[in-house]
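Printed here is upload-v1.txt (compact mmCIF, C-alpha atoms and all ligand atoms):
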```txt
# COMPACT_ATOMS: atom_id res chain seq x y z
CA MET A 19 0.00 0.00 0.00
CA ARG A 20 1.24 3.49 -0.88
CA LEU A 21 0.09 6.21 1.47
CA ILE A 22 0.71 9.86 2.17
CA LEU A 23 0.16 11.31 5.63
CA LEU A 24 -0.58 14.97 5.17
CA GLY A 25 -1.00 17.46 7.97
CA PRO A 26 0.54 20.36 9.86
CA PRO A 27 3.58 19.94 12.11
CA GLY A 28 2.49 18.34 15.37
CA ALA A 29 -0.58 16.62 13.93
CA GLY A 30 0.83 13.22 14.89
CA LYS A 31 1.78 12.05 11.39
CA GLY A 32 5.08 10.53 12.53
CA THR A 33 3.52 8.65 15.44
CA GLN A 34 0.76 7.19 13.26
CA ALA A 35 3.17 6.44 10.42
CA LYS A 36 5.45 4.42 12.72
CA THR A 37 2.58 2.19 13.92
CA LEU A 38 1.15 1.82 10.42
CA SER A 39 4.53 0.94 8.97
CA VAL A 40 4.76 -2.07 11.31
CA LYS A 41 1.15 -3.08 10.73
CA LEU A 42 1.34 -2.87 6.93
CA ALA A 43 4.97 -4.07 6.74
CA VAL A 44 6.05 -1.19 4.49
CA PRO A 45 8.75 1.43 5.17
CA HIS A 46 8.00 4.71 6.90
CA ILE A 47 9.64 7.44 4.83
CA SER A 48 9.98 10.77 6.62
CA THR A 49 11.85 13.50 4.78
CA GLY A 50 12.25 15.34 8.11
CA ASP A 51 13.98 12.27 9.64
CA MET A 52 16.18 11.84 6.55
CA LEU A 53 17.21 15.50 6.63
CA ARG A 54 17.88 15.44 10.40
CA GLN A 55 20.05 12.36 9.87
CA ALA A 56 21.99 14.18 7.14
CA VAL A 57 22.50 17.14 9.50
CA ALA A 58 23.70 14.80 12.28
CA ASP A 59 26.08 13.06 9.84
CA GLY A 60 27.41 16.43 8.65
CA THR A 61 26.94 15.55 4.97
CA LYS A 62 26.80 18.14 2.18
CA LEU A 63 23.03 17.68 2.06
CA GLY A 64 22.84 18.19 5.83
CA LEU A 65 24.86 21.40 5.70
CA GLU A 66 22.62 22.72 2.93
CA ALA A 67 19.39 21.77 4.73
CA LYS A 68 20.29 22.91 8.25
CA SER A 69 19.81 26.67 7.85
CA PHE A 70 16.33 26.17 6.36
CA MET A 71 15.31 23.68 9.04
CA ASP A 72 16.57 25.77 11.96
CA ARG A 73 14.37 28.69 10.98
CA GLY A 74 11.34 26.51 10.21
CA ALA A 75 11.50 27.14 6.45
CA LEU A 76 11.14 24.48 3.78
CA VAL A 77 14.24 22.98 2.21
CA PRO A 78 14.20 23.78 -1.55
CA ASP A 79 11.97 21.52 -3.65
CA GLU A 80 14.74 20.20 -5.91
CA VAL A 81 16.70 18.97 -2.87
CA VAL A 82 13.84 17.02 -1.24
CA ILE A 83 12.52 15.76 -4.57
CA GLY A 84 16.00 14.34 -5.28
CA ILE A 85 16.12 12.55 -1.92
CA ILE A 86 12.65 11.06 -2.34
CA GLU A 87 13.20 9.89 -5.92
CA GLU A 88 16.32 8.05 -4.82
CA ARG A 89 14.53 6.52 -1.82
CA LEU A 90 11.48 5.32 -3.79
CA HIS A 91 13.75 3.37 -6.15
CA LYS A 92 15.12 1.24 -3.28
CA PRO A 93 13.93 -2.40 -3.28
CA ASP A 94 12.10 -2.13 0.07
CA CYS A 95 9.65 0.30 -1.55
CA ALA A 96 8.41 -2.26 -4.06
CA ARG A 97 5.46 -3.30 -1.85
CA GLY A 98 4.57 0.22 -0.81
CA TYR A 99 5.47 2.86 1.76
CA ILE A 100 4.11 5.56 4.00
CA LEU A 101 5.22 9.07 3.16
CA ASP A 102 5.35 11.41 6.16
CA GLY A 103 6.20 15.07 5.57
CA PHE A 104 6.40 14.73 1.80
CA PRO A 105 5.02 16.20 -0.40
CA ARG A 106 4.81 19.63 1.21
CA THR A 107 4.39 21.86 -1.86
CA LEU A 108 2.54 21.63 -5.16
CA PRO A 109 5.76 21.15 -7.20
CA GLN A 110 6.71 18.27 -4.84
CA ALA A 111 3.28 16.66 -5.31
CA GLU A 112 3.60 16.99 -9.08
CA ALA A 113 7.11 15.51 -9.02
CA LEU A 114 5.81 12.59 -6.94
CA SER A 115 2.99 11.95 -9.43
CA ARG A 116 5.58 11.88 -12.24
CA ALA A 117 7.91 9.56 -10.29
CA LEU A 118 5.02 7.15 -9.63
CA THR A 119 4.09 7.12 -13.32
CA THR A 120 7.73 6.32 -14.21
CA LEU A 121 7.68 3.45 -11.72
CA GLY A 122 4.33 2.21 -13.06
CA ALA A 123 2.76 2.76 -9.63
CA SER A 124 0.00 4.86 -8.12
CA MET A 125 -0.88 6.33 -4.74
CA ASP A 126 -3.58 4.45 -2.83
CA LYS A 127 -4.70 7.07 -0.33
CA VAL A 128 -3.82 10.42 1.19
CA LEU A 129 -4.79 10.89 4.82
CA SER A 130 -5.16 14.48 5.96
CA VAL A 131 -4.66 14.56 9.75
CA GLU A 132 -6.44 17.66 11.07
CA VAL A 133 -5.84 19.41 14.42
CA PRO A 134 -6.75 23.00 15.51
CA GLU A 135 -3.77 25.37 15.49
CA ASP A 136 -3.82 26.18 19.25
CA ASP A 137 -3.58 22.46 20.04
CA LEU A 138 -0.63 22.12 17.64
CA VAL A 139 1.34 24.83 19.44
CA LYS A 140 0.72 23.10 22.81
CA ARG A 141 1.74 19.74 21.38
CA LEU A 142 4.91 20.98 19.71
CA THR A 143 6.26 23.13 22.55
CA GLY A 144 5.91 20.13 24.92
CA ARG A 145 7.34 17.58 22.49
CA ARG A 146 10.55 15.73 23.45
CA VAL A 147 12.27 13.22 21.20
CA CYS A 148 14.60 10.34 22.07
CA ARG A 149 18.07 10.71 20.56
CA GLY A 150 18.43 6.94 20.53
CA CYS A 151 15.23 5.56 18.96
CA GLY A 152 13.28 8.66 17.86
CA TYR A 153 10.30 7.88 20.11
CA MET A 154 8.26 11.01 20.91
CA TYR A 155 7.09 12.09 24.35
CA HIS A 156 5.10 15.07 25.59
CA VAL A 157 5.91 16.73 28.90
CA ASP A 158 2.20 16.82 29.91
CA THR A 159 0.28 14.24 27.92
CA ASN A 160 2.82 11.46 27.42
CA PRO A 161 5.71 12.04 29.83
CA PRO A 162 8.53 9.52 30.20
CA LYS A 163 8.72 7.64 33.53
CA GLN A 164 11.99 9.42 34.30
CA VAL A 165 12.46 13.06 33.21
CA GLY A 166 14.82 13.35 30.22
CA SER A 167 15.25 9.59 29.65
CA CYS A 168 13.52 7.29 27.14
CA ASP A 169 11.37 4.50 28.65
CA LYS A 170 12.17 2.24 25.70
CA CYS A 171 15.93 2.56 25.20
CA HIS A 172 17.11 4.94 28.01
CA GLY A 173 18.31 7.36 25.32
CA VAL A 174 18.50 11.08 26.15
CA LEU A 175 15.38 13.13 25.35
CA TYR A 176 15.79 16.47 23.64
CA GLN A 177 13.70 19.31 22.25
CA ARG A 178 14.07 19.81 18.50
CA ASP A 179 15.48 23.25 17.64
CA ASP A 180 12.46 23.89 15.44
CA ASP A 181 10.02 23.06 18.28
CA LYS A 182 10.56 26.48 19.93
CA GLU A 183 7.38 28.61 19.93
CA GLU A 184 8.51 31.32 17.47
CA THR A 185 9.75 28.75 14.95
CA ILE A 186 6.55 26.75 15.41
CA ARG A 187 4.40 29.76 14.50
CA HIS A 188 6.49 30.18 11.37
CA ARG A 189 6.23 26.46 10.46
CA LEU A 190 2.45 26.65 10.84
CA ARG A 191 2.33 29.68 8.52
CA VAL A 192 4.46 27.82 5.98
CA TYR A 193 2.06 24.88 6.26
CA ARG A 194 -1.01 27.08 5.67
CA GLU A 195 0.52 28.80 2.66
CA GLN A 196 2.44 25.99 0.95
CA THR A 197 1.16 22.59 2.11
CA HIS A 198 -2.54 23.12 2.83
CA PRO A 199 -3.32 23.56 -0.93
CA LEU A 200 -2.37 19.89 -1.38
CA ILE A 201 -5.62 18.91 0.33
CA ALA A 202 -7.56 20.26 -2.66
CA TYR A 203 -5.02 18.71 -5.07
CA TYR A 204 -5.51 15.20 -3.68
CA ASP A 205 -9.25 15.68 -3.16
CA LYS A 206 -9.54 16.36 -6.88
CA MET A 207 -7.68 13.08 -7.49
CA ARG A 208 -10.24 11.37 -5.19
CA LEU A 209 -7.49 10.07 -2.93
CA LEU A 210 -8.15 12.21 0.13
CA ARG A 211 -9.56 11.04 3.48
CA HIS A 212 -9.98 13.46 6.40
CA ILE A 213 -8.82 12.25 9.80
CA ASP A 214 -9.77 14.00 13.04
CA GLY A 215 -6.34 14.27 14.66
CA ARG A 216 -7.62 15.21 18.15
CA GLY A 217 -7.65 12.75 21.03
CA THR A 218 -5.34 9.95 22.11
CA ILE A 219 -2.84 8.16 19.87
CA GLU A 220 -5.08 5.04 20.00
CA GLU A 221 -8.24 6.98 19.05
CA ILE A 222 -6.49 8.52 16.06
CA ALA A 223 -5.04 5.12 15.06
CA ARG A 224 -8.58 3.68 15.04
CA ARG A 225 -9.75 6.47 12.71
CA VAL A 226 -6.76 5.87 10.44
CA HIS A 227 -7.55 2.16 10.20
CA GLN A 228 -11.19 2.93 9.42
CA ALA A 229 -10.14 5.35 6.69
CA LEU A 230 -7.96 2.63 5.18
CA GLY A 231 -10.90 0.23 5.25
CA GLN A 232 -9.19 -1.94 7.85
CA GLY A 233 -11.62 -1.27 10.43
P1 LIG B 301 9.31 17.43 9.88
O1 LIG B 301 10.08 16.51 10.74
O2 LIG B 301 8.50 16.71 8.83
O3 LIG B 301 8.49 18.43 10.66
O4 LIG B 301 10.39 18.29 9.04
C1 LIG B 301 11.33 19.12 9.70
C2 LIG B 301 11.89 20.14 8.74
O5 LIG B 301 12.56 19.48 7.66
C3 LIG B 301 10.87 21.04 8.06
O6 LIG B 301 10.50 22.15 8.87
C4 LIG B 301 11.63 21.46 6.80
O7 LIG B 301 12.61 22.43 7.10
C5 LIG B 301 12.35 20.17 6.43
N1 LIG B 301 11.51 19.32 5.56
C6 LIG B 301 11.00 18.08 5.82
N2 LIG B 301 10.30 17.61 4.80
C7 LIG B 301 10.34 18.56 3.84
C8 LIG B 301 9.77 18.69 2.54
N3 LIG B 301 9.01 17.72 2.01
N4 LIG B 301 10.03 19.82 1.84
C9 LIG B 301 10.80 20.81 2.35
N5 LIG B 301 11.36 20.77 3.56
C10 LIG B 301 11.12 19.66 4.31
```

Using the file provided, produce a representation of the structure as structure tokens.
Ligand code: AMP
Amino acid sequence: MRLILLGPPGAGKGTQAKTLSVKLAVPHISTGDMLRQAVADGTKLGLEAKSFMDRGALVPDEVVIGIIEERLHKPDCARGYILDGFPRTLPQAEALSRALTTLGASMDKVLSVEVPEDDLVKRLTGRRVCRGCGYMYHVDTNPPKQVGSCDKCHGVLYQRDDDKEETIRHRLRVYREQTHPLIAYYDKMRLLRHIDGRGTIEEIARRVHQALGQG
């Protein structure tokens, strides 16, 4: 199954994508994770992407399109994948449609995870991520048993640089202006399903499964 999880930062796309990836046995492809890895590794791509990411701006289309095209050609994508955080602009969506045509494939569904903006700010400012396994916590709603340490792998928890309030407001503006138009794009292609992204992780997962016809 080929899926896109669309939604603003903090909507819970990554969390849902991780669970779904295990359930459907297809890779979870997050351009944000790939770019953060490149920054951590200090590669040329990482150096180029870092200044955009730190200020909550989008990395240029040609850069992310290049990364995704390369990734989708890997053998583990043959049975499908879950895209999280890509596409984020109309040119990216159009490039993805072209890449799928070249591969003789098509998108199955696009899930738009929707959460009111005030809730997103609360979620993102309280978000903490494990350096070891990438698991996400929230200081109020999903705290770790021990402050600053991952329950799963005892890795150190940190706050992403772009999860500071001012940067968050900017990322949400970028989402409204550049990514939100993709909802209409995929609706026109009859691929779109709306998901209420409020509530617990389990409640949202149930809605996702219903939207995928898995019940
Ligand atoms: P995310 O983890 O999806 O919130 O992405 C973190 C940051 O990586 C974003 O704020 C952008 O700077 C960059 N990024 C991730 N995916 C994309 C994309 N598809 N297009 C442009 N920039 C991206």

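Around ligand LIG 301 (chain B), using only C-alpha atoms and all ligand atoms and a cut-off of 7 Å, the residues in contact are Pro27, Ser48, Thr49, Gly50, Asp51, Leu53, Phe70, Met71, Gly74, Ala75, Leu76, Val77, Pro78, Asp79, Val82, Asp102, Gly103, Phe104, Pro105, Arg106 and Arg189 of chain A.
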
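Within 8 Å of region 205-216 of chain A, once all atoms listed in the file are used and residues closer than 3 positions along the same chain are dropped, the contacting residues are Ala29, Gly30, Met125, Asp126, Lys127, Val128, Leu129, Ser130, Val131, Glu132, Val133, Ile201, Ala202, Ile222, Arg225, Val226 and Ala229 of chain A.
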
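The residue that comes closest to Thr159 (chain A), out of A:Gly217, A:Pro199, A:Gly173, A:Gly98 and on the basis of all atoms listed in the file, is A:Gly217.
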
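Closest approach to Asp181 (chain A) among A:Ser167, A:Thr37, A:Thr143, A:Gln228 is made by A:Thr143 (distances from all atoms listed in the file).
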
**OP:** May I ask for the distance between CA of Leu190 (chain A) and CA of Glu135 (chain A), given in Å to one decimal place?
**Re:** 7.9 Å

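Checking A:Arg73, A:Arg20, A:Arg149, A:Lys182 one by one against Ile47 (chain A), counting all atoms listed in the file, you find the shortest gap at A:Arg20.
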
Would you compute the box with edges along x, y and z of the file around region 180-197 of chain A, including every atom the file lists for it and 5 Å extra on each side, and give its centre and edge lengths in Å to one decimal, as AutoDock Vina command-line options?
```
--center_x 5.7 --center_y 27.0 --center_z 10.4 --size_x 23.5 --size_y 18.7 --size_z 29.0
```

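Among the candidates A:Arg194, A:Arg146, A:Lys140, A:Arg97, the one nearest to Ala43 (chain A) when counting all atoms listed in the file is A:Arg97.
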
Please rebuild region 188-213 of chain A with N, CA, C and O atoms and give the result as a PDB file, in the frame of the given file.
```
ATOM      1  N   HIS A 188       6.052  30.022  12.752  1.00  0.00           N
ATOM      2  CA  HIS A 188       6.490  30.180  11.370  1.00  0.00           C
ATOM      3  C   HIS A 188       6.201  28.900  10.564  1.00  0.00           C
ATOM      4  O   HIS A 188       5.700  28.949   9.441  1.00  0.00           O
ATOM      5  N   ARG A 189       6.488  27.738  11.161  1.00  0.00           N
ATOM      6  CA  ARG A 189       6.230  26.460  10.460  1.00  0.00           C
ATOM      7  C   ARG A 189       4.743  26.301  10.153  1.00  0.00           C
ATOM      8  O   ARG A 189       4.368  25.785   9.102  1.00  0.00           O
ATOM      9  N   LEU A 190       3.899  26.770  11.074  1.00  0.00           N
ATOM     10  CA  LEU A 190       2.450  26.650  10.840  1.00  0.00           C
ATOM     11  C   LEU A 190       2.013  27.582   9.706  1.00  0.00           C
ATOM     12  O   LEU A 190       1.148  27.222   8.896  1.00  0.00           O
ATOM     13  N   ARG A 191       2.649  28.754   9.626  1.00  0.00           N
ATOM     14  CA  ARG A 191       2.330  29.680   8.520  1.00  0.00           C
ATOM     15  C   ARG A 191       2.770  29.069   7.192  1.00  0.00           C
ATOM     16  O   ARG A 191       2.038  29.092   6.211  1.00  0.00           O
ATOM     17  N   VAL A 192       3.958  28.480   7.194  1.00  0.00           N
ATOM     18  CA  VAL A 192       4.460  27.820   5.980  1.00  0.00           C
ATOM     19  C   VAL A 192       3.497  26.701   5.568  1.00  0.00           C
ATOM     20  O   VAL A 192       3.169  26.530   4.394  1.00  0.00           O
ATOM     21  N   TYR A 193       3.009  25.967   6.564  1.00  0.00           N
ATOM     22  CA  TYR A 193       2.060  24.880   6.260  1.00  0.00           C
ATOM     23  C   TYR A 193       0.806  25.441   5.593  1.00  0.00           C
ATOM     24  O   TYR A 193       0.376  24.945   4.556  1.00  0.00           O
ATOM     25  N   ARG A 194       0.232  26.497   6.215  1.00  0.00           N
ATOM     26  CA  ARG A 194      -1.010  27.080   5.670  1.00  0.00           C
ATOM     27  C   ARG A 194      -0.819  27.533   4.233  1.00  0.00           C
ATOM     28  O   ARG A 194      -1.644  27.276   3.364  1.00  0.00           O
ATOM     29  N   GLU A 195       0.318  28.185   3.980  1.00  0.00           N
ATOM     30  CA  GLU A 195       0.520  28.800   2.660  1.00  0.00           C
ATOM     31  C   GLU A 195       0.944  27.780   1.605  1.00  0.00           C
ATOM     32  O   GLU A 195       0.514  27.840   0.465  1.00  0.00           O
ATOM     33  N   GLN A 196       1.832  26.838   1.974  1.00  0.00           N
ATOM     34  CA  GLN A 196       2.440  25.990   0.950  1.00  0.00           C
ATOM     35  C   GLN A 196       1.908  24.555   0.918  1.00  0.00           C
ATOM     36  O   GLN A 196       1.874  23.940  -0.142  1.00  0.00           O
ATOM     37  N   THR A 197       1.544  24.013   2.078  1.00  0.00           N
ATOM     38  CA  THR A 197       1.160  22.590   2.110  1.00  0.00           C
ATOM     39  C   THR A 197      -0.351  22.393   2.086  1.00  0.00           C
ATOM     40  O   THR A 197      -0.851  21.474   1.438  1.00  0.00           O
ATOM     41  N   HIS A 198      -1.089  23.285   2.754  1.00  0.00           N
ATOM     42  CA  HIS A 198      -2.540  23.120   2.830  1.00  0.00           C
ATOM     43  C   HIS A 198      -3.190  22.987   1.440  1.00  0.00           C
ATOM     44  O   HIS A 198      -4.129  22.191   1.273  1.00  0.00           O
ATOM     45  N   PRO A 199      -2.709  23.720   0.413  1.00  0.00           N
ATOM     46  CA  PRO A 199      -3.320  23.560  -0.930  1.00  0.00           C
ATOM     47  C   PRO A 199      -3.282  22.130  -1.466  1.00  0.00           C
ATOM     48  O   PRO A 199      -4.046  21.783  -2.363  1.00  0.00           O
ATOM     49  N   LEU A 200      -2.431  21.276  -0.894  1.00  0.00           N
ATOM     50  CA  LEU A 200      -2.370  19.890  -1.380  1.00  0.00           C
ATOM     51  C   LEU A 200      -3.635  19.107  -1.034  1.00  0.00           C
ATOM     52  O   LEU A 200      -3.939  18.095  -1.674  1.00  0.00           O
ATOM     53  N   ILE A 201      -4.372  19.591  -0.027  1.00  0.00           N
ATOM     54  CA  ILE A 201      -5.620  18.910   0.330  1.00  0.00           C
ATOM     55  C   ILE A 201      -6.565  18.948  -0.870  1.00  0.00           C
ATOM     56  O   ILE A 201      -7.142  17.938  -1.260  1.00  0.00           O
ATOM     57  N   ALA A 202      -6.684  20.132  -1.481  1.00  0.00           N
ATOM     58  CA  ALA A 202      -7.560  20.260  -2.660  1.00  0.00           C
ATOM     59  C   ALA A 202      -7.003  19.449  -3.836  1.00  0.00           C
ATOM     60  O   ALA A 202      -7.756  18.813  -4.581  1.00  0.00           O
ATOM     61  N   TYR A 203      -5.672  19.440  -3.958  1.00  0.00           N
ATOM     62  CA  TYR A 203      -5.020  18.710  -5.070  1.00  0.00           C
ATOM     63  C   TYR A 203      -5.375  17.212  -4.996  1.00  0.00           C
ATOM     64  O   TYR A 203      -5.791  16.611  -5.993  1.00  0.00           O
ATOM     65  N   TYR A 204      -5.255  16.637  -3.800  1.00  0.00           N
ATOM     66  CA  TYR A 204      -5.510  15.200  -3.680  1.00  0.00           C
ATOM     67  C   TYR A 204      -7.006  14.885  -3.607  1.00  0.00           C
ATOM     68  O   TYR A 204      -7.429  13.791  -3.955  1.00  0.00           O
ATOM     69  N   ASP A 205      -7.806  15.870  -3.163  1.00  0.00           N
ATOM     70  CA  ASP A 205      -9.250  15.680  -3.160  1.00  0.00           C
ATOM     71  C   ASP A 205      -9.742  15.554  -4.594  1.00  0.00           C
ATOM     72  O   ASP A 205     -10.554  14.696  -4.918  1.00  0.00           O
ATOM     73  N   LYS A 206      -9.189  16.384  -5.458  1.00  0.00           N
ATOM     74  CA  LYS A 206      -9.540  16.360  -6.880  1.00  0.00           C
ATOM     75  C   LYS A 206      -9.194  14.992  -7.489  1.00  0.00           C
ATOM     76  O   LYS A 206      -9.873  14.516  -8.391  1.00  0.00           O
ATOM     77  N   MET A 207      -8.096  14.395  -6.986  1.00  0.00           N
ATOM     78  CA  MET A 207      -7.680  13.080  -7.490  1.00  0.00           C
ATOM     79  C   MET A 207      -8.461  11.949  -6.809  1.00  0.00           C
ATOM     80  O   MET A 207      -8.192  10.776  -7.038  1.00  0.00           O
ATOM     81  N   ARG A 208      -9.386  12.317  -5.942  1.00  0.00           N
ATOM     82  CA  ARG A 208     -10.240  11.370  -5.190  1.00  0.00           C
ATOM     83  C   ARG A 208      -9.448  10.420  -4.305  1.00  0.00           C
ATOM     84  O   ARG A 208      -9.822   9.260  -4.110  1.00  0.00           O
ATOM     85  N   LEU A 209      -8.329  10.909  -3.793  1.00  0.00           N
ATOM     86  CA  LEU A 209      -7.490  10.070  -2.930  1.00  0.00           C
ATOM     87  C   LEU A 209      -7.613  10.461  -1.459  1.00  0.00           C
ATOM     88  O   LEU A 209      -7.156   9.738  -0.577  1.00  0.00           O
ATOM     89  N   LEU A 210      -8.232  11.621  -1.209  1.00  0.00           N
ATOM     90  CA  LEU A 210      -8.150  12.210   0.130  1.00  0.00           C
ATOM     91  C   LEU A 210      -9.163  11.632   1.126  1.00  0.00           C
ATOM     92  O   LEU A 210     -10.320  11.415   0.787  1.00  0.00           O
ATOM     93  N   ARG A 211      -8.685  11.384   2.361  1.00  0.00           N
ATOM     94  CA  ARG A 211      -9.560  11.040   3.480  1.00  0.00           C
ATOM     95  C   ARG A 211      -9.211  11.977   4.632  1.00  0.00           C
ATOM     96  O   ARG A 211      -8.036  12.153   4.928  1.00  0.00           O
ATOM     97  N   HIS A 212     -10.224  12.563   5.264  1.00  0.00           N
ATOM     98  CA  HIS A 212      -9.980  13.460   6.400  1.00  0.00           C
ATOM     99  C   HIS A 212      -9.932  12.638   7.682  1.00  0.00           C
ATOM    100  O   HIS A 212     -10.786  11.783   7.905  1.00  0.00           O
ATOM    101  N   ILE A 213      -8.939  12.933   8.509  1.00  0.00           N
ATOM    102  CA  ILE A 213      -8.820  12.250   9.800  1.00  0.00           C
ATOM    103  C   ILE A 213      -8.858  13.298  10.904  1.00  0.00           C
ATOM    104  O   ILE A 213      -8.062  14.246  10.871  1.00  0.00           O
TER     105      ILE A 213
END
```
